[in-house]
Amino acid sequence: MGERVLLTGAAGRVGRAIIDDLADDYEWRLLDRDPLAGSQPGEVVVADITDDEAVREAMEGIDAVVHLAGDPRPEAPWDSVLANNIDGTQTVYEAAVETGVERVVFASSNHAVSAYETDDRTPDVYRPDDEFRLDGDELPRPGNLYGVSKAAGETLGRYYHDAHDLSVLCVRIGNLTKGHPPIDYERGQAMWLSYRDCAHLFDRSLQAEYGYEIVYGISDNDRKYYSLERAREVLGYDPRDNSADHDD
Ligand SMILES: NC(=O)C1=CN([C@@H]2O[C@H](COP(=O)(O)OP(=O)(O)OC[C@H]3O[C@@H](n4cnc5c(N)ncnc54)[C@H](O)[C@@H]3O)[C@@H](O)[C@H]2O)C=CC1
Ligand SMILES: O=C1O[C@H](COP(=O)(O)O)[C@@H](O)[C@H](O)[C@H]1O
């Protein structure tokens, strides 16, 4: 049994991808505002991440946090992303510092930079022979208010790292889809993240040493326009899947 990890948003899709592969590798505490059905590989906490006291309590004795909880909808309205994604994420970082947690892995999103997909770049940018790449050093360029909330979560992480020495990794997750890449959707195929690559990426994010980092979370797709260099270099991420292997 390894480190003690608090996983927020554990009842969701990304949470399941992580837990299903890494159940035995960490001592899990699973937090969600919705009850988790069935037997779970760890203690379950039903709480809202905007509840400071509940979040602080959930972090007692924890070494690392994987923070997934939030509104994942690209079309989510401002009041929801403000409460769940921005306020909730600040609550998580603050509680981490107060309780002595060493690292937070934050689920950011492709939508923090989706406005780089300008009319003159698309659809070519989604195709294998296009050389345009985002590498994580570029400024955020959100395509919607949800993306703004993810850019805010990254910036909050920068602050908590600089001010409190918290290790923070922001993973700009692409498109997590089980079994195969999205069908008839070039953007989704360019940023596909398979379930096993997702689990491996979050495993590496809990093992590697870093201060503050932004990496892209996608499989090794031929179509990619996100660089995987930083994830490989800093985390030792070694993805096994490629959406091109599912082409007809
Ligand atoms: N699934 C994907 O392809 C991508 C996901 N992400 C991010 O990854 C994270 C997880 O996404 P999914 O698993 O797909 O979403 P999901 O909707 O399946 O899971 C999110 C979970 O968070 C919980 N939650 C939401 N607000 C909460 C709050 N205030 N307090 C406590 N729990 C709360 C929900 O009950 C849900 O179980 C999200 O932050 C999302 O923005 C980012 C990019 C792509
Ligand atoms: O951040 C997210 O991104 C993925 C991919 O975005 P899409 O607009 O191409 O579907 C999305 O599926 C996921 O729900 C969201 O949280």
# chains A, B, ... in the order shown; residues from 1 in each chain; ligands from 1
$ residues_near_ligand --ligand "ligand 2" --cutoff "7 Å" --atoms "only C-alpha atoms and all ligand atoms" --output "count of residues only"
12
$ closest_atom_pairs --of "chain A" --to "ligand 1" --cutoff "6 Å" --atoms "only C-alpha atoms and all ligand atoms" --output "CSV"
residue,atom,partner,partner_atom_place_in_ligand_line,distance
A:Gly9,CA,ligand 1,22 (O),3.5
A:Ala10,CA,ligand 1,37 (O),5.9
A:Ala11,CA,ligand 1,37 (O),4.0
A:Gly12,CA,ligand 1,19 (O),3.2
A:Arg13,CA,ligand 1,13 (O),3.6
A:Val14,CA,ligand 1,13 (O),3.8
A:Gly15,CA,ligand 1,13 (O),5.6
A:Asp32,CA,ligand 1,32 (N),4.1
A:Arg33,CA,ligand 1,31 (C),4.1
A:Asp34,CA,ligand 1,35 (O),4.9
A:Ala47,CA,ligand 1,31 (C),5.8
A:Asp48,CA,ligand 1,30 (N),3.5
A:Ile49,CA,ligand 1,30 (N),4.0
A:Thr50,CA,ligand 1,29 (N),5.8
A:Leu68,CA,ligand 1,9 (C),4.1
A:Ala69,CA,ligand 1,22 (O),3.5
A:Gly70,CA,ligand 1,26 (N),3.8
A:Asp71,CA,ligand 1,25 (C),5.2
A:Pro72,CA,ligand 1,41 (O),3.7
A:Asn84,CA,ligand 1,29 (N),4.5
A:Ala107,CA,ligand 1,8 (O),4.8
A:Ser108,CA,ligand 1,42 (C),5.3
A:Ser109,CA,ligand 1,43 (C),4.0
A:Asn110,CA,ligand 1,43 (C),6.0
A:Ile173,CA,ligand 1,43 (C),4.1
A:Gly174,CA,ligand 1,44 (C),4.9
A:Asn175,CA,ligand 1,3 (O),3.7
A:Leu176,CA,ligand 1,3 (O),3.8
$ residues_around --residues "A:Pro140" --least-positions-apart "2" --cutoff "10 Å" --atoms "only C-alpha atoms" --output "PDB file with all heavy atoms, in the first residue's frame"
ATOM      1  N   ASN A 110      -8.534  20.813 -21.814  1.00  0.00           N
ATOM      2  CA  ASN A 110      -8.273  21.329 -23.172  1.00  0.00           C
ATOM      3  C   ASN A 110      -8.991  22.655 -23.412  1.00  0.00           C
ATOM      4  O   ASN A 110      -8.538  23.470 -24.203  1.00  0.00           O
ATOM      5  CB  ASN A 110      -8.688  20.279 -24.200  1.00  0.00           C
ATOM      6  CG  ASN A 110     -10.165  19.950 -24.124  1.00  0.00           C
ATOM      7  OD1 ASN A 110     -10.998  20.601 -24.755  1.00  0.00           O
ATOM      8  ND2 ASN A 110     -10.509  18.946 -23.330  1.00  0.00           N
ATOM      9  N   HIS A 111     -10.132  22.851 -22.725  1.00  0.00           N
ATOM     10  CA  HIS A 111     -10.900  24.077 -22.969  1.00  0.00           C
ATOM     11  C   HIS A 111     -10.229  25.330 -22.392  1.00  0.00           C
ATOM     12  O   HIS A 111     -10.640  26.442 -22.721  1.00  0.00           O
ATOM     13  CB  HIS A 111     -12.335  23.923 -22.464  1.00  0.00           C
ATOM     14  CG  HIS A 111     -13.147  23.053 -23.371  1.00  0.00           C
ATOM     15  ND1 HIS A 111     -13.690  23.520 -24.549  1.00  0.00           N
ATOM     16  CD2 HIS A 111     -13.461  21.736 -23.298  1.00  0.00           C
ATOM     17  CE1 HIS A 111     -14.319  22.526 -25.163  1.00  0.00           C
ATOM     18  NE2 HIS A 111     -14.198  21.430 -24.426  1.00  0.00           N
ATOM     19  N   ALA A 112      -9.186  25.150 -21.578  1.00  0.00           N
ATOM     20  CA  ALA A 112      -8.407  26.309 -21.103  1.00  0.00           C
ATOM     21  C   ALA A 112      -7.633  26.949 -22.256  1.00  0.00           C
ATOM     22  O   ALA A 112      -7.184  28.089 -22.161  1.00  0.00           O
ATOM     23  CB  ALA A 112      -7.444  25.893 -19.992  1.00  0.00           C
ATOM     24  N   VAL A 113      -7.463  26.188 -23.343  1.00  0.00           N
ATOM     25  CA  VAL A 113      -6.685  26.676 -24.497  1.00  0.00           C
ATOM     26  C   VAL A 113      -7.416  26.474 -25.824  1.00  0.00           C
ATOM     27  O   VAL A 113      -6.811  26.577 -26.890  1.00  0.00           O
ATOM     28  CB  VAL A 113      -5.301  25.975 -24.560  1.00  0.00           C
ATOM     29  CG1 VAL A 113      -4.388  26.470 -23.453  1.00  0.00           C
ATOM     30  CG2 VAL A 113      -5.429  24.459 -24.498  1.00  0.00           C
ATOM     31  N   SER A 114      -8.729  26.206 -25.762  1.00  0.00           N
ATOM     32  CA  SER A 114      -9.426  25.804 -26.991  1.00  0.00           C
ATOM     33  C   SER A 114      -9.572  26.927 -28.015  1.00  0.00           C
ATOM     34  O   SER A 114      -9.807  26.666 -29.195  1.00  0.00           O
ATOM     35  CB  SER A 114     -10.788  25.192 -26.663  1.00  0.00           C
ATOM     36  OG  SER A 114     -11.537  26.051 -25.826  1.00  0.00           O
ATOM     37  N   ALA A 115      -9.378  28.186 -27.578  1.00  0.00           N
ATOM     38  CA  ALA A 115      -9.497  29.281 -28.551  1.00  0.00           C
ATOM     39  C   ALA A 115      -8.267  29.393 -29.461  1.00  0.00           C
ATOM     40  O   ALA A 115      -8.260  30.191 -30.407  1.00  0.00           O
ATOM     41  CB  ALA A 115      -9.768  30.611 -27.845  1.00  0.00           C
ATOM     42  N   TYR A 116      -7.217  28.574 -29.204  1.00  0.00           N
ATOM     43  CA  TYR A 116      -6.119  28.479 -30.189  1.00  0.00           C
ATOM     44  C   TYR A 116      -6.587  27.789 -31.463  1.00  0.00           C
ATOM     45  O   TYR A 116      -5.906  27.855 -32.481  1.00  0.00           O
ATOM     46  CB  TYR A 116      -4.921  27.718 -29.600  1.00  0.00           C
ATOM     47  CG  TYR A 116      -4.099  28.539 -28.636  1.00  0.00           C
ATOM     48  CD1 TYR A 116      -4.206  28.354 -27.259  1.00  0.00           C
ATOM     49  CD2 TYR A 116      -3.205  29.509 -29.102  1.00  0.00           C
ATOM     50  CE1 TYR A 116      -3.448  29.105 -26.370  1.00  0.00           C
ATOM     51  CE2 TYR A 116      -2.447  30.265 -28.219  1.00  0.00           C
ATOM     52  CZ  TYR A 116      -2.570  30.073 -26.854  1.00  0.00           C
ATOM     53  OH  TYR A 116      -1.821  30.836 -25.990  1.00  0.00           O
ATOM     54  N   GLY A 136       2.145  23.747 -23.356  1.00  0.00           N
ATOM     55  CA  GLY A 136       1.917  24.042 -21.933  1.00  0.00           C
ATOM     56  C   GLY A 136       2.561  25.352 -21.499  1.00  0.00           C
ATOM     57  O   GLY A 136       2.249  25.872 -20.429  1.00  0.00           O
ATOM     58  N   ASP A 137       3.472  25.888 -22.328  1.00  0.00           N
ATOM     59  CA  ASP A 137       4.103  27.176 -21.996  1.00  0.00           C
ATOM     60  C   ASP A 137       3.276  28.363 -22.492  1.00  0.00           C
ATOM     61  O   ASP A 137       3.525  29.501 -22.102  1.00  0.00           O
ATOM     62  CB  ASP A 137       5.499  27.288 -22.630  1.00  0.00           C
ATOM     63  CG  ASP A 137       6.535  26.573 -21.784  1.00  0.00           C
ATOM     64  OD1 ASP A 137       6.230  26.291 -20.608  1.00  0.00           O
ATOM     65  OD2 ASP A 137       7.625  26.304 -22.308  1.00  0.00           O
ATOM     66  N   GLU A 138       2.336  28.111 -23.381  1.00  0.00           N
ATOM     67  CA  GLU A 138       1.537  29.201 -23.958  1.00  0.00           C
ATOM     68  C   GLU A 138       0.579  29.772 -22.909  1.00  0.00           C
ATOM     69  O   GLU A 138       0.244  29.103 -21.929  1.00  0.00           O
ATOM     70  CB  GLU A 138       0.736  28.704 -25.180  1.00  0.00           C
ATOM     71  CG  GLU A 138      -0.263  27.605 -24.879  1.00  0.00           C
ATOM     72  CD  GLU A 138       0.374  26.222 -24.736  1.00  0.00           C
ATOM     73  OE1 GLU A 138       1.372  25.944 -25.392  1.00  0.00           O
ATOM     74  OE2 GLU A 138      -0.154  25.425 -23.933  1.00  0.00           O
ATOM     75  N   PRO A 142      -8.955  30.434 -23.272  1.00  0.00           N
ATOM     76  CA  PRO A 142     -10.171  29.617 -23.130  1.00  0.00           C
ATOM     77  C   PRO A 142     -11.196  29.910 -24.232  1.00  0.00           C
ATOM     78  O   PRO A 142     -11.306  31.045 -24.690  1.00  0.00           O
ATOM     79  CB  PRO A 142     -10.740  30.052 -21.772  1.00  0.00           C
ATOM     80  CG  PRO A 142      -9.656  30.817 -21.100  1.00  0.00           C
ATOM     81  CD  PRO A 142      -8.805  31.393 -22.191  1.00  0.00           C
ATOM     82  N   GLY A 143     -11.941  28.868 -24.579  1.00  0.00           N
ATOM     83  CA  GLY A 143     -12.959  29.016 -25.600  1.00  0.00           C
ATOM     84  C   GLY A 143     -14.351  29.176 -25.017  1.00  0.00           C
ATOM     85  O   GLY A 143     -15.325  29.323 -25.755  1.00  0.00           O
ATOM     86  N   GLY A 147     -13.742  26.883 -19.696  1.00  0.00           N
ATOM     87  CA  GLY A 147     -12.288  26.980 -19.910  1.00  0.00           C
ATOM     88  C   GLY A 147     -11.670  28.078 -19.057  1.00  0.00           C
ATOM     89  O   GLY A 147     -10.547  27.926 -18.542  1.00  0.00           O
ATOM     90  N   VAL A 148     -12.400  29.184 -18.898  1.00  0.00           N
ATOM     91  CA  VAL A 148     -11.923  30.261 -18.014  1.00  0.00           C
ATOM     92  C   VAL A 148     -11.754  29.718 -16.593  1.00  0.00           C
ATOM     93  O   VAL A 148     -10.757  29.991 -15.909  1.00  0.00           O
ATOM     94  CB  VAL A 148     -12.911  31.457 -18.017  1.00  0.00           C
ATOM     95  CG1 VAL A 148     -12.556  32.470 -16.932  1.00  0.00           C
ATOM     96  CG2 VAL A 148     -12.947  32.118 -19.387  1.00  0.00           C
ATOM     97  N   LYS A 150     -11.093  26.718 -15.671  1.00  0.00           N
ATOM     98  CA  LYS A 150      -9.940  25.812 -15.596  1.00  0.00           C
ATOM     99  C   LYS A 150      -8.638  26.611 -15.603  1.00  0.00           C
ATOM    100  O   LYS A 150      -7.691  26.277 -14.891  1.00  0.00           O
ATOM    101  CB  LYS A 150      -9.981  24.802 -16.745  1.00  0.00           C
ATOM    102  CG  LYS A 150     -11.118  23.801 -16.613  1.00  0.00           C
ATOM    103  CD  LYS A 150     -10.943  22.973 -15.347  1.00  0.00           C
ATOM    104  CE  LYS A 150     -12.057  21.992 -15.127  1.00  0.00           C
ATOM    105  NZ  LYS A 150     -11.877  21.180 -13.909  1.00  0.00           N
ATOM    106  N   ALA A 151      -8.599  27.686 -16.405  1.00  0.00           N
ATOM    107  CA  ALA A 151      -7.417  28.557 -16.388  1.00  0.00           C
ATOM    108  C   ALA A 151      -7.262  29.182 -14.994  1.00  0.00           C
ATOM    109  O   ALA A 151      -6.139  29.329 -14.485  1.00  0.00           O
ATOM    110  CB  ALA A 151      -7.544  29.630 -17.460  1.00  0.00           C
ATOM    111  N   ALA A 152      -8.385  29.509 -14.363  1.00  0.00           N
ATOM    112  CA  ALA A 152      -8.338  30.068 -13.001  1.00  0.00           C
ATOM    113  C   ALA A 152      -7.789  29.032 -12.019  1.00  0.00           C
ATOM    114  O   ALA A 152      -6.979  29.357 -11.141  1.00  0.00           O
ATOM    115  CB  ALA A 152      -9.726  30.528 -12.566  1.00  0.00           C
ATOM    116  N   GLU A 154      -5.688  26.683 -12.710  1.00  0.00           N
ATOM    117  CA  GLU A 154      -4.233  26.594 -12.953  1.00  0.00           C
ATOM    118  C   GLU A 154      -3.517  27.761 -12.268  1.00  0.00           C
ATOM    119  O   GLU A 154      -2.447  27.592 -11.667  1.00  0.00           O
ATOM    120  CB  GLU A 154      -3.946  26.631 -14.452  1.00  0.00           C
ATOM    121  CG  GLU A 154      -4.462  25.417 -15.213  1.00  0.00           C
ATOM    122  CD  GLU A 154      -4.177  25.504 -16.714  1.00  0.00           C
ATOM    123  OE1 GLU A 154      -3.623  26.535 -17.174  1.00  0.00           O
ATOM    124  OE2 GLU A 154      -4.509  24.539 -17.427  1.00  0.00           O
ATOM    125  N   THR A 155      -4.100  28.956 -12.376  1.00  0.00           N
ATOM    126  CA  THR A 155      -3.462  30.143 -11.784  1.00  0.00           C
ATOM    127  C   THR A 155      -3.494  30.082 -10.257  1.00  0.00           C
ATOM    128  O   THR A 155      -2.531  30.464  -9.590  1.00  0.00           O
ATOM    129  CB  THR A 155      -4.175  31.421 -12.293  1.00  0.00           C
ATOM    130  OG1 THR A 155      -4.132  31.402 -13.716  1.00  0.00           O
ATOM    131  CG2 THR A 155      -3.490  32.679 -11.794  1.00  0.00           C
TER     132      THR A 155
END
$ residues_around --residues "A:Asp165" --least-positions-apart "4" --cutoff "8 Å" --atoms "only C-alpha atoms" --output "PyMOL selection string"
chain A and resi 160-161+211
$ residues_around --residues "stretch 223-227 of chain A" --least-positions-apart "4" --cutoff "10 Å" --atoms "only C-alpha atoms" --output "mmCIF file with C-alpha atoms, in the first residue's frame"
data_model
loop_
_atom_site.group_PDB
_atom_site.id
_atom_site.type_symbol
_atom_site.label_atom_id
_atom_site.label_comp_id
_atom_site.auth_asym_id
_atom_site.auth_seq_id
_atom_site.Cartn_x
_atom_site.Cartn_y
_atom_site.Cartn_z
ATOM 1 C CA ASN A 110 -8.273 21.329 -23.172
ATOM 2 C CA GLU A 117 -8.259 26.418 -32.554
ATOM 3 C CA ASP A 124 -6.005 20.969 -40.341
ATOM 4 C CA VAL A 125 -4.746 21.178 -36.765
ATOM 5 C CA TYR A 126 -6.619 17.946 -35.951
ATOM 6 C CA ARG A 127 -4.807 16.017 -38.707
ATOM 7 C CA PRO A 128 -1.614 13.947 -38.438
ATOM 8 C CA ASP A 129 0.518 15.933 -40.904
ATOM 9 C CA ASP A 130 -0.121 19.308 -39.232
ATOM 10 C CA GLU A 131 2.843 20.559 -37.212
ATOM 11 C CA PHE A 132 1.121 23.071 -34.896
ATOM 12 C CA ARG A 133 1.667 22.163 -31.227
ATOM 13 C CA LEU A 134 0.720 23.562 -27.840
ATOM 14 C CA ASP A 135 3.266 22.595 -25.203
ATOM 15 C CA GLY A 136 1.917 24.042 -21.933
ATOM 16 C CA ARG A 172 -5.042 19.620 -19.323
ATOM 17 C CA GLY A 174 -8.225 15.957 -23.567
ATOM 18 C CA GLU A 186 -11.636 14.731 -35.432
ATOM 19 C CA ARG A 187 -11.113 17.061 -32.478
ATOM 20 C CA GLY A 188 -11.948 14.252 -30.062
ATOM 21 C CA GLN A 189 -9.616 11.847 -31.869
ATOM 22 C CA ALA A 190 -6.765 14.379 -31.681
ATOM 23 C CA MET A 191 -7.135 14.692 -27.923
ATOM 24 C CA TRP A 192 -8.301 11.187 -27.033
ATOM 25 C CA VAL A 215 1.025 19.054 -18.911
ATOM 26 C CA TYR A 216 -1.350 17.734 -21.549
ATOM 27 C CA GLY A 217 -3.313 14.584 -20.803
ATOM 28 C CA ILE A 218 -3.881 12.736 -24.058
ATOM 29 C CA SER A 219 -2.881 9.387 -25.542
ATOM 30 C CA ALA A 231 4.538 14.945 -19.482
ATOM 31 C CA ARG A 232 7.164 12.465 -20.661
ATOM 32 C CA ASN A 242 -3.196 6.056 -30.229
ATOM 33 C CA SER A 243 -6.536 6.980 -31.759
ATOM 34 C CA ALA A 244 -5.105 6.104 -35.210
#
$ residues_around --residues "stretch 234-241 of chain A" --least-positions-apart "5" --cutoff "6 Å" --atoms "only C-alpha atoms" --output "PyMOL selection string"
chain A and resi 197+201+204+208+219-220
$ closest_residue --among "A:Leu22, A:Val101, A:Val46, A:Ile214" --to "A:Glu233" --atoms "only C-alpha atoms"
A:Ile214
$ residues_around --residues "A:Ala76" --least-positions-apart "6" --cutoff "9 Å" --atoms "only C-alpha atoms" --output "list in words"
Asn144, Leu145 and Tyr146 of chain A
$ atom_distance --atom1 "atom CA of A:Ser205" --atom2 "atom CA of A:Arg141"
24.1 Å
$ atom_distance --atom1 "atom CA of A:Ser149" --atom2 "atom CA of A:Cys198"
21.7 Å
$ atom_distance --atom1 "atom CA of A:Leu193" --atom2 "atom CA of A:Thr177"
6.6 Å
$ closest_residue --among "A:Ser194, A:Ser167, A:Asn221, A:Thr8" --to "A:Gly88" --atoms "only C-alpha atoms"
A:Thr8
$ select_by_dssp --residues "stretch 6-231 of chain A" --states "alpha helix (DSSP H)" --output "JSON, numbers by chain"
{"A": [13, 14, 15, 16, 17, 18, 19, 20, 21, 22, 52, 53, 54, 55, 56, 57, 58, 78, 79, 80, 88, 89, 90, 91, 92, 93, 94, 95, 96, 97, 98, 99, 145, 146, 147, 148, 149, 150, 151, 152, 153, 154, 155, 156, 157, 158, 159, 160, 161, 162, 163, 164, 186, 187, 188, 189, 190, 195, 196, 197, 198, 199, 200, 201, 202, 203, 204, 205, 206, 207, 229, 230]}
$ closest_residue --among "A:Val104, A:Ile62, A:Ala96, A:Cys170" --to "A:Glu3" --atoms "only C-alpha atoms"
A:Ile62
$ closest_residue --among "A:Pro123, A:Pro35, A:His246, A:Arg196" --to "A:His180" --atoms "only C-alpha atoms"
A:His246
$ select_by_dssp --residues "stretch 75-107 of chain A" --states "strand (DSSP E or B)" --output "ChimeraX atom specification"
/A:103-107
$ write_last_selection --atoms "N, CA, C and O atoms" --output "PDB file, in the first residue's frame"
ATOM      1  N   ARG A 103       1.066  17.558  -2.160  1.00  0.00           N
ATOM      2  CA  ARG A 103       0.847  17.838  -3.590  1.00  0.00           C
ATOM      3  C   ARG A 103      -0.634  17.788  -3.960  1.00  0.00           C
ATOM      4  O   ARG A 103      -1.411  17.036  -3.369  1.00  0.00           O
ATOM      5  N   VAL A 104      -0.953  18.600  -4.967  1.00  0.00           N
ATOM      6  CA  VAL A 104      -2.300  18.580  -5.546  1.00  0.00           C
ATOM      7  C   VAL A 104      -2.164  18.399  -7.051  1.00  0.00           C
ATOM      8  O   VAL A 104      -1.410  19.122  -7.711  1.00  0.00           O
ATOM      9  N   VAL A 105      -2.870  17.418  -7.572  1.00  0.00           N
ATOM     10  CA  VAL A 105      -2.943  17.210  -9.015  1.00  0.00           C
ATOM     11  C   VAL A 105      -4.308  17.710  -9.453  1.00  0.00           C
ATOM     12  O   VAL A 105      -5.344  17.218  -8.972  1.00  0.00           O
ATOM     13  N   PHE A 106      -4.318  18.704 -10.317  1.00  0.00           N
ATOM     14  CA  PHE A 106      -5.560  19.391 -10.672  1.00  0.00           C
ATOM     15  C   PHE A 106      -6.008  19.001 -12.081  1.00  0.00           C
ATOM     16  O   PHE A 106      -5.229  19.099 -13.037  1.00  0.00           O
ATOM     17  N   ALA A 107      -7.272  18.612 -12.203  1.00  0.00           N
ATOM     18  CA  ALA A 107      -7.836  18.268 -13.515  1.00  0.00           C
ATOM     19  C   ALA A 107      -8.207  19.544 -14.254  1.00  0.00           C
ATOM     20  O   ALA A 107      -9.296  20.088 -14.108  1.00  0.00           O
TER      21      ALA A 107
END
$ closest_residue --among "A:Pro41, A:Asp222, A:Val92, A:Glu229" --to "A:Asp25" --atoms "only C-alpha atoms"
A:Pro41
